[in-house]
Amino acid sequence: MENKYKKVADFEFSEINIGLEETEFIKEYSKLIFNGFFFIKTIESNQEEFRNYLNSIHKPLEDFDINIPFQSATSDAKDFIYHLINNETLRRISLYFYEDSDFFTIATQYTSLENFRKLPIAEMNKLKLQRYLFEIAKEGSVYEEWKSSDRLTSKMINDFLVKLFQNDNYRIFNIGDWSGYDMGFYICFLLIDLDKAQITFFAKDDYD
């Protein structure tokens with residue numbers, strides 16, 4: 001039977017600016033010296049059918065436990081992400097690991113949907129993302145320390161999340177490295193605003 005998300009690979013997407021790069025958190029974080037890369041990009045599709053797909057993604061059966069940092073994403077969510085990454089129009093949006101490396105290239109071990117489902121993908125709520133971003137910021141990069149105080153860091157992250165999600169209708173995924181370019185401290189989030197049908201990729205890779 002054909003996978004219900006197969007059509008996602010054919011949707012037309014465009015890059016949009018929702019003001020995230022102007023937030024203090026992203027401006028400060030992007031100043032860190034990365035030996036790999038840092039980027040944040042938001043895409044959207046004007047096709048109403050895409051919004052319907054986003055809102056149909058299955059959620060974990062259990063509620064988010066505040067004591068569990070991550071909960072595995074459903075197979076349904078992994079299927080959606082797989083077909084999204086395989087979308088051809090995204091390759092025109094200039095999302096790169098490095099100058100000559102396409103962000104959406106899938107490593108050989110994950111090219112099949114069956115194997116992609118084995119990739120570590122976790123789902124979290126906004127509170128857990130807020131805590132995780134704080135930890136990530138305080139770690140700085142391999143070559144540079146994070147200089148802002150804890151109080152200012154918390155405020156910057158909160159302002160960033162308010163800018164990103166202006167409602168409680170969202171999905172947040174932390175995705176393992178599907179491309180094989182992971183050189184060290186790789187992190188990738190897929191952040192979905194369900195009401196606006198917008199997806200933000202927030203990723204970085206750092207190594208010594």
# chains A, B, ... in the order shown; residues from 1 in each chain; ligands from 1
>>> select_by_dssp(residues="segment 98-159 of chain A", states="helix (DSSP H, G or I)", output="PDB file with N, CA, C and O atoms, in the first residue's frame")
ATOM      1  N   THR A 108      23.414   6.687   2.565  1.00  0.00           N
ATOM      2  CA  THR A 108      23.018   5.404   1.986  1.00  0.00           C
ATOM      3  C   THR A 108      22.225   4.539   2.959  1.00  0.00           C
ATOM      4  O   THR A 108      21.238   3.897   2.588  1.00  0.00           O
ATOM      5  N   GLN A 109      22.636   4.545   4.227  1.00  0.00           N
ATOM      6  CA  GLN A 109      21.964   3.665   5.196  1.00  0.00           C
ATOM      7  C   GLN A 109      20.550   4.109   5.533  1.00  0.00           C
ATOM      8  O   GLN A 109      19.803   3.362   6.174  1.00  0.00           O
ATOM      9  N   TYR A 110      20.146   5.316   5.105  1.00  0.00           N
ATOM     10  CA  TYR A 110      18.807   5.805   5.416  1.00  0.00           C
ATOM     11  C   TYR A 110      17.966   6.102   4.176  1.00  0.00           C
ATOM     12  O   TYR A 110      16.891   6.698   4.290  1.00  0.00           O
ATOM     13  N   LEU A 113      12.790   3.985   3.225  1.00  0.00           N
ATOM     14  CA  LEU A 113      11.901   4.395   4.312  1.00  0.00           C
ATOM     15  C   LEU A 113      12.041   3.460   5.501  1.00  0.00           C
ATOM     16  O   LEU A 113      12.041   3.902   6.658  1.00  0.00           O
ATOM     17  N   GLU A 114      12.195   2.176   5.235  1.00  0.00           N
ATOM     18  CA  GLU A 114      12.334   1.198   6.309  1.00  0.00           C
ATOM     19  C   GLU A 114      13.530   1.506   7.197  1.00  0.00           C
ATOM     20  O   GLU A 114      13.443   1.461   8.433  1.00  0.00           O
ATOM     21  N   ASN A 115      14.661   1.859   6.579  1.00  0.00           N
ATOM     22  CA  ASN A 115      15.861   2.180   7.356  1.00  0.00           C
ATOM     23  C   ASN A 115      15.766   3.563   7.994  1.00  0.00           C
ATOM     24  O   ASN A 115      16.300   3.784   9.088  1.00  0.00           O
ATOM     25  N   PHE A 116      15.107   4.499   7.311  1.00  0.00           N
ATOM     26  CA  PHE A 116      14.965   5.847   7.863  1.00  0.00           C
ATOM     27  C   PHE A 116      14.186   5.808   9.174  1.00  0.00           C
ATOM     28  O   PHE A 116      14.448   6.609  10.074  1.00  0.00           O
ATOM     29  N   LYS A 126       7.087  22.422  24.055  1.00  0.00           N
ATOM     30  CA  LYS A 126       7.783  23.711  24.074  1.00  0.00           C
ATOM     31  C   LYS A 126       8.638  23.893  25.320  1.00  0.00           C
ATOM     32  O   LYS A 126       9.735  24.453  25.258  1.00  0.00           O
ATOM     33  N   LEU A 127       8.156  23.417  26.463  1.00  0.00           N
ATOM     34  CA  LEU A 127       8.917  23.558  27.707  1.00  0.00           C
ATOM     35  C   LEU A 127      10.230  22.782  27.624  1.00  0.00           C
ATOM     36  O   LEU A 127      11.285  23.280  28.024  1.00  0.00           O
ATOM     37  N   LYS A 128      10.165  21.563  27.088  1.00  0.00           N
ATOM     38  CA  LYS A 128      11.379  20.766  26.960  1.00  0.00           C
ATOM     39  C   LYS A 128      12.340  21.379  25.955  1.00  0.00           C
ATOM     40  O   LYS A 128      13.560  21.356  26.145  1.00  0.00           O
ATOM     41  N   LEU A 129      11.801  21.931  24.871  1.00  0.00           N
ATOM     42  CA  LEU A 129      12.669  22.600  23.892  1.00  0.00           C
ATOM     43  C   LEU A 129      13.356  23.795  24.542  1.00  0.00           C
ATOM     44  O   LEU A 129      14.548  24.026  24.320  1.00  0.00           O
ATOM     45  N   GLN A 130      12.619  24.553  25.337  1.00  0.00           N
ATOM     46  CA  GLN A 130      13.185  25.715  26.012  1.00  0.00           C
ATOM     47  C   GLN A 130      14.363  25.308  26.898  1.00  0.00           C
ATOM     48  O   GLN A 130      15.429  25.935  26.873  1.00  0.00           O
ATOM     49  N   ARG A 131      14.180  24.235  27.656  1.00  0.00           N
ATOM     50  CA  ARG A 131      15.250  23.758  28.535  1.00  0.00           C
ATOM     51  C   ARG A 131      16.452  23.256  27.728  1.00  0.00           C
ATOM     52  O   ARG A 131      17.608  23.499  28.088  1.00  0.00           O
ATOM     53  N   TYR A 132      16.161  22.543  26.638  1.00  0.00           N
ATOM     54  CA  TYR A 132      17.228  21.974  25.824  1.00  0.00           C
ATOM     55  C   TYR A 132      18.025  23.080  25.130  1.00  0.00           C
ATOM     56  O   TYR A 132      19.252  23.031  25.059  1.00  0.00           O
ATOM     57  N   LEU A 133      17.339  24.104  24.624  1.00  0.00           N
ATOM     58  CA  LEU A 133      18.038  25.224  23.981  1.00  0.00           C
ATOM     59  C   LEU A 133      18.927  25.955  24.980  1.00  0.00           C
ATOM     60  O   LEU A 133      20.012  26.427  24.624  1.00  0.00           O
ATOM     61  N   PHE A 134      18.469  26.035  26.221  1.00  0.00           N
ATOM     62  CA  PHE A 134      19.287  26.666  27.259  1.00  0.00           C
ATOM     63  C   PHE A 134      20.573  25.870  27.461  1.00  0.00           C
ATOM     64  O   PHE A 134      21.674  26.441  27.519  1.00  0.00           O
ATOM     65  N   GLU A 135      20.463  24.551  27.546  1.00  0.00           N
ATOM     66  CA  GLU A 135      21.644  23.704  27.707  1.00  0.00           C
ATOM     67  C   GLU A 135      22.586  23.834  26.519  1.00  0.00           C
ATOM     68  O   GLU A 135      23.814  23.923  26.679  1.00  0.00           O
ATOM     69  N   ILE A 136      22.022  23.850  25.322  1.00  0.00           N
ATOM     70  CA  ILE A 136      22.831  23.964  24.105  1.00  0.00           C
ATOM     71  C   ILE A 136      23.574  25.288  24.082  1.00  0.00           C
ATOM     72  O   ILE A 136      24.768  25.358  23.763  1.00  0.00           O
ATOM     73  N   ALA A 137      22.856  26.363  24.424  1.00  0.00           N
ATOM     74  CA  ALA A 137      23.485  27.686  24.422  1.00  0.00           C
ATOM     75  C   ALA A 137      24.628  27.749  25.424  1.00  0.00           C
ATOM     76  O   ALA A 137      25.724  28.247  25.104  1.00  0.00           O
ATOM     77  N   LYS A 138      24.394  27.244  26.619  1.00  0.00           N
ATOM     78  CA  LYS A 138      25.425  27.324  27.664  1.00  0.00           C
ATOM     79  C   LYS A 138      26.665  26.501  27.314  1.00  0.00           C
ATOM     80  O   LYS A 138      27.763  26.786  27.796  1.00  0.00           O
ATOM     81  N   GLU A 139      26.510  25.481  26.473  1.00  0.00           N
ATOM     82  CA  GLU A 139      27.664  24.695  26.028  1.00  0.00           C
ATOM     83  C   GLU A 139      28.544  25.485  25.069  1.00  0.00           C
ATOM     84  O   GLU A 139      29.722  25.169  24.890  1.00  0.00           O
ATOM     85  N   ASP A 150      22.767  33.553  32.666  1.00  0.00           N
ATOM     86  CA  ASP A 150      21.667  32.591  32.645  1.00  0.00           C
ATOM     87  C   ASP A 150      20.323  33.302  32.494  1.00  0.00           C
ATOM     88  O   ASP A 150      19.450  32.858  31.740  1.00  0.00           O
ATOM     89  N   ARG A 151      20.167  34.401  33.215  1.00  0.00           N
ATOM     90  CA  ARG A 151      18.903  35.133  33.165  1.00  0.00           C
ATOM     91  C   ARG A 151      18.635  35.690  31.771  1.00  0.00           C
ATOM     92  O   ARG A 151      17.530  35.558  31.234  1.00  0.00           O
ATOM     93  N   LEU A 152      19.662  36.295  31.164  1.00  0.00           N
ATOM     94  CA  LEU A 152      19.497  36.858  29.826  1.00  0.00           C
ATOM     95  C   LEU A 152      19.294  35.746  28.801  1.00  0.00           C
ATOM     96  O   LEU A 152      18.490  35.889  27.869  1.00  0.00           O
ATOM     97  N   THR A 153      20.002  34.634  28.969  1.00  0.00           N
ATOM     98  CA  THR A 153      19.853  33.506  28.050  1.00  0.00           C
ATOM     99  C   THR A 153      18.422  32.987  28.076  1.00  0.00           C
ATOM    100  O   THR A 153      17.816  32.733  27.031  1.00  0.00           O
ATOM    101  N   SER A 154      17.866  32.822  29.262  1.00  0.00           N
ATOM    102  CA  SER A 154      16.488  32.345  29.397  1.00  0.00           C
ATOM    103  C   SER A 154      15.510  33.300  28.726  1.00  0.00           C
ATOM    104  O   SER A 154      14.568  32.871  28.050  1.00  0.00           O
ATOM    105  N   LYS A 155      15.731  34.603  28.914  1.00  0.00           N
ATOM    106  CA  LYS A 155      14.847  35.590  28.292  1.00  0.00           C
ATOM    107  C   LYS A 155      14.945  35.540  26.772  1.00  0.00           C
ATOM    108  O   LYS A 155      13.923  35.592  26.070  1.00  0.00           O
ATOM    109  N   MET A 156      16.168  35.425  26.249  1.00  0.00           N
ATOM    110  CA  MET A 156      16.351  35.379  24.797  1.00  0.00           C
ATOM    111  C   MET A 156      15.662  34.157  24.201  1.00  0.00           C
ATOM    112  O   MET A 156      15.018  34.242  23.144  1.00  0.00           O
ATOM    113  N   ILE A 157      15.782  33.010  24.863  1.00  0.00           N
ATOM    114  CA  ILE A 157      15.168  31.782  24.356  1.00  0.00           C
ATOM    115  C   ILE A 157      13.653  31.883  24.418  1.00  0.00           C
ATOM    116  O   ILE A 157      12.946  31.476  23.487  1.00  0.00           O
ATOM    117  N   ASN A 158      13.128  32.437  25.506  1.00  0.00           N
ATOM    118  CA  ASN A 158      11.682  32.614  25.624  1.00  0.00           C
ATOM    119  C   ASN A 158      11.155  33.529  24.517  1.00  0.00           C
ATOM    120  O   ASN A 158      10.127  33.233  23.887  1.00  0.00           O
ATOM    121  N   ASP A 159      11.854  34.638  24.254  1.00  0.00           N
ATOM    122  CA  ASP A 159      11.440  35.563  23.188  1.00  0.00           C
ATOM    123  C   ASP A 159      11.491  34.873  21.822  1.00  0.00           C
ATOM    124  O   ASP A 159      10.636  35.115  20.957  1.00  0.00           O
TER     125      ASP A 159
END
>>> closest_atom_pairs(of="segment 98-155 of chain A", to="segment 69-79 of chain A", cutoff="7 Å", atoms="only C-alpha atoms", output="JSON lines")
{"residue": "A:Arg117", "atom": "CA", "partner": "A:Lys78", "partner_atom": "CA", "distance": 5.9}
{"residue": "A:Ile121", "atom": "CA", "partner": "A:Ala73", "partner_atom": "CA", "distance": 5.7}
{"residue": "A:Ala122", "atom": "CA", "partner": "A:Ser72", "partner_atom": "CA", "distance": 4.3}
{"residue": "A:Glu123", "atom": "CA", "partner": "A:Ala73", "partner_atom": "CA", "distance": 5.2}
{"residue": "A:Met124", "atom": "CA", "partner": "A:Phe70", "partner_atom": "CA", "distance": 6.0}
{"residue": "A:Lys128", "atom": "CA", "partner": "A:Pro69", "partner_atom": "CA", "distance": 6.7}
>>> closest_residue(among="A:Thr42, A:Thr23, A:Ser112, A:Asn87", to="Val162 of chain A", atoms="only C-alpha atoms")
A:Thr23
>>> closest_residue(among="A:Phe11, A:Phe202, A:Tyr207, A:Phe173", to="Phe103 of chain A", atoms="only C-alpha atoms")
A:Phe202
>>> atom_distance(atom1="atom CA of Ile199 of chain A", atom2="atom CA of Val142 of chain A")
28.2 Å
>>> residues_around(residues="Phe185 of chain A", least_positions_apart="2", cutoff="12 Å", atoms="only C-alpha atoms", output="mmCIF file with N, CA and C atoms, in the first residue's frame")
data_model
loop_
_atom_site.group_PDB
_atom_site.id
_atom_site.type_symbol
_atom_site.label_atom_id
_atom_site.label_comp_id
_atom_site.auth_asym_id
_atom_site.auth_seq_id
_atom_site.Cartn_x
_atom_site.Cartn_y
_atom_site.Cartn_z
ATOM 1 N N PHE A 34 31.643 28.228 14.676
ATOM 2 C CA PHE A 34 31.397 26.829 14.369
ATOM 3 C C PHE A 34 32.379 26.360 13.309
ATOM 4 N N ASN A 35 32.982 25.209 13.550
ATOM 5 C CA ASN A 35 33.883 24.641 12.558
ATOM 6 C C ASN A 35 33.093 23.953 11.452
ATOM 7 N N GLY A 36 31.811 23.697 11.736
ATOM 8 C CA GLY A 36 30.935 23.099 10.746
ATOM 9 C C GLY A 36 29.997 24.142 10.180
ATOM 10 N N PHE A 37 28.759 24.179 10.675
ATOM 11 C CA PHE A 37 27.797 25.111 10.110
ATOM 12 C C PHE A 37 26.755 25.481 11.149
ATOM 13 N N PHE A 38 26.040 26.538 10.866
ATOM 14 C CA PHE A 38 24.880 26.958 11.643
ATOM 15 C C PHE A 38 23.883 27.562 10.669
ATOM 16 N N ILE A 136 22.022 23.850 25.322
ATOM 17 C CA ILE A 136 22.831 23.964 24.105
ATOM 18 C C ILE A 136 23.574 25.288 24.082
ATOM 19 N N GLU A 139 26.510 25.481 26.473
ATOM 20 C CA GLU A 139 27.664 24.695 26.028
ATOM 21 C C GLU A 139 28.544 25.485 25.069
ATOM 22 N N GLY A 140 27.961 26.510 24.436
ATOM 23 C CA GLY A 140 28.720 27.291 23.464
ATOM 24 C C GLY A 140 29.112 26.436 22.278
ATOM 25 N N SER A 141 30.273 26.712 21.699
ATOM 26 C CA SER A 141 30.794 25.895 20.613
ATOM 27 C C SER A 141 32.164 25.373 21.021
ATOM 28 N N VAL A 142 32.744 24.530 20.191
ATOM 29 C CA VAL A 142 34.057 23.978 20.493
ATOM 30 C C VAL A 142 35.089 25.081 20.685
ATOM 31 N N GLY A 176 18.024 12.999 14.275
ATOM 32 C CA GLY A 176 19.401 12.548 14.119
ATOM 33 C C GLY A 176 19.937 12.881 12.740
ATOM 34 N N ASP A 177 21.219 12.706 12.554
ATOM 35 C CA ASP A 177 21.879 13.071 11.290
ATOM 36 C C ASP A 177 21.554 12.049 10.206
ATOM 37 N N TYR A 181 26.902 13.608 7.404
ATOM 38 C CA TYR A 181 27.904 14.671 7.484
ATOM 39 C C TYR A 181 28.217 15.073 8.913
ATOM 40 N N ASP A 182 27.644 14.370 9.866
ATOM 41 C CA ASP A 182 27.852 14.705 11.271
ATOM 42 C C ASP A 182 29.333 14.637 11.620
ATOM 43 N N MET A 183 29.915 15.793 11.916
ATOM 44 C CA MET A 183 31.333 15.867 12.242
ATOM 45 C C MET A 183 31.575 16.023 13.737
ATOM 46 N N ILE A 187 23.214 18.917 15.870
ATOM 47 C CA ILE A 187 21.869 19.102 16.412
ATOM 48 C C ILE A 187 20.974 19.586 15.285
ATOM 49 N N CYS A 188 19.789 18.998 15.176
ATOM 50 C CA CYS A 188 18.837 19.473 14.169
ATOM 51 C C CYS A 188 17.418 19.395 14.736
ATOM 52 N N ALA A 203 19.554 24.066 12.757
ATOM 53 C CA ALA A 203 20.581 23.020 12.829
ATOM 54 C C ALA A 203 21.965 23.620 12.964
ATOM 55 N N LYS A 204 22.858 22.800 13.544
ATOM 56 C CA LYS A 204 24.269 23.179 13.613
ATOM 57 C C LYS A 204 25.128 21.930 13.737
ATOM 58 N N ASP A 205 26.351 22.029 13.285
ATOM 59 C CA ASP A 205 27.324 20.962 13.459
ATOM 60 C C ASP A 205 28.645 21.611 13.848
ATOM 61 N N ASP A 206 29.306 21.034 14.811
ATOM 62 C CA ASP A 206 30.510 21.634 15.368
ATOM 63 C C ASP A 206 31.500 20.518 15.658
ATOM 64 N N TYR A 207 32.768 20.734 15.406
ATOM 65 C CA TYR A 207 33.754 19.695 15.663
ATOM 66 C C TYR A 207 35.118 20.311 15.886
ATOM 67 N N ASP A 208 35.988 19.549 16.514
ATOM 68 C CA ASP A 208 37.336 20.013 16.832
ATOM 69 C C ASP A 208 38.318 19.533 15.771
#
>>> atom_distance(atom1="atom CA of Gly180 of chain A", atom2="atom CA of Tyr53 of chain A")
27.7 Å
>>> residues_around(residues="segment 190-198 of chain A", least_positions_apart="6", cutoff="6 Å", atoms="only C-alpha atoms", output="list in words")
Ile43, Glu44, Arg51, Asn169, Tyr170, Arg171, Ile172 and Phe173 of chain A
>>> write_last_selection(atoms="N, CA and C atoms", output="PDB file, in the first residue's frame")
ATOM      1  N   ILE A  43      10.297  27.369   5.866  1.00  0.00           N
ATOM      2  CA  ILE A  43       9.659  27.128   4.576  1.00  0.00           C
ATOM      3  C   ILE A  43       8.152  27.029   4.767  1.00  0.00           C
ATOM      4  N   GLU A  44       7.438  27.217   3.662  1.00  0.00           N
ATOM      5  CA  GLU A  44       5.993  27.043   3.692  1.00  0.00           C
ATOM      6  C   GLU A  44       5.511  26.603   2.321  1.00  0.00           C
ATOM      7  N   ARG A  51      -1.231  21.592   4.551  1.00  0.00           N
ATOM      8  CA  ARG A  51      -1.690  21.886   5.915  1.00  0.00           C
ATOM      9  C   ARG A  51      -2.434  20.677   6.493  1.00  0.00           C
ATOM     10  N   ASN A 169      -0.496  25.313  18.824  1.00  0.00           N
ATOM     11  CA  ASN A 169      -0.731  24.292  17.811  1.00  0.00           C
ATOM     12  C   ASN A 169       0.566  24.071  17.038  1.00  0.00           C
ATOM     13  N   TYR A 170       1.442  23.235  17.584  1.00  0.00           N
ATOM     14  CA  TYR A 170       2.779  23.064  17.016  1.00  0.00           C
ATOM     15  C   TYR A 170       3.250  21.629  17.200  1.00  0.00           C
ATOM     16  N   ARG A 171       4.325  21.278  16.498  1.00  0.00           N
ATOM     17  CA  ARG A 171       5.042  20.016  16.704  1.00  0.00           C
ATOM     18  C   ARG A 171       6.536  20.319  16.692  1.00  0.00           C
ATOM     19  N   ILE A 172       7.280  19.640  17.540  1.00  0.00           N
ATOM     20  CA  ILE A 172       8.725  19.862  17.658  1.00  0.00           C
ATOM     21  C   ILE A 172       9.433  18.516  17.587  1.00  0.00           C
ATOM     22  N   PHE A 173      10.367  18.392  16.637  1.00  0.00           N
ATOM     23  CA  PHE A 173      11.126  17.157  16.476  1.00  0.00           C
ATOM     24  C   PHE A 173      12.619  17.441  16.531  1.00  0.00           C
TER      25      PHE A 173
END
>>> residues_around(residues="segment 83-86 of chain A", least_positions_apart="4", cutoff="7 Å", atoms="only C-alpha atoms", output="JSON, numbers by chain")
{"A": [5, 6, 8, 9, 79, 104]}
>>> write_last_selection(atoms="N, CA, C and O atoms", output="compact mmCIF listing (two decimals), in the first residue's frame")
# COMPACT_ATOMS: atom_id res chain seq x y z
N TYR A 5 2.11 9.72 2.95
CA TYR A 5 2.86 10.96 2.86
C TYR A 5 3.69 11.08 1.58
O TYR A 5 4.45 12.04 1.42
N LYS A 6 3.56 10.12 0.69
CA LYS A 6 4.38 10.13 -0.52
C LYS A 6 4.22 11.43 -1.30
O LYS A 6 5.18 11.94 -1.88
N VAL A 8 3.93 14.35 -0.25
CA VAL A 8 4.66 15.46 0.36
C VAL A 8 5.95 15.75 -0.42
O VAL A 8 6.41 16.90 -0.49
N ALA A 9 6.53 14.74 -1.02
CA ALA A 9 7.75 14.91 -1.80
C ALA A 9 7.53 15.75 -3.05
O ALA A 9 8.49 16.21 -3.67
N ASP A 79 7.68 8.93 8.84
CA ASP A 79 7.32 8.81 7.43
C ASP A 79 7.15 10.19 6.80
O ASP A 79 7.60 10.44 5.68
N PHE A 104 19.79 18.22 2.42
CA PHE A 104 18.78 17.18 2.31
C PHE A 104 19.28 15.88 1.69
O PHE A 104 18.49 14.97 1.44
>>> atom_distance(atom1="atom CA of Glu21 of chain A", atom2="atom CA of Leu164 of chain A")
10.7 Å
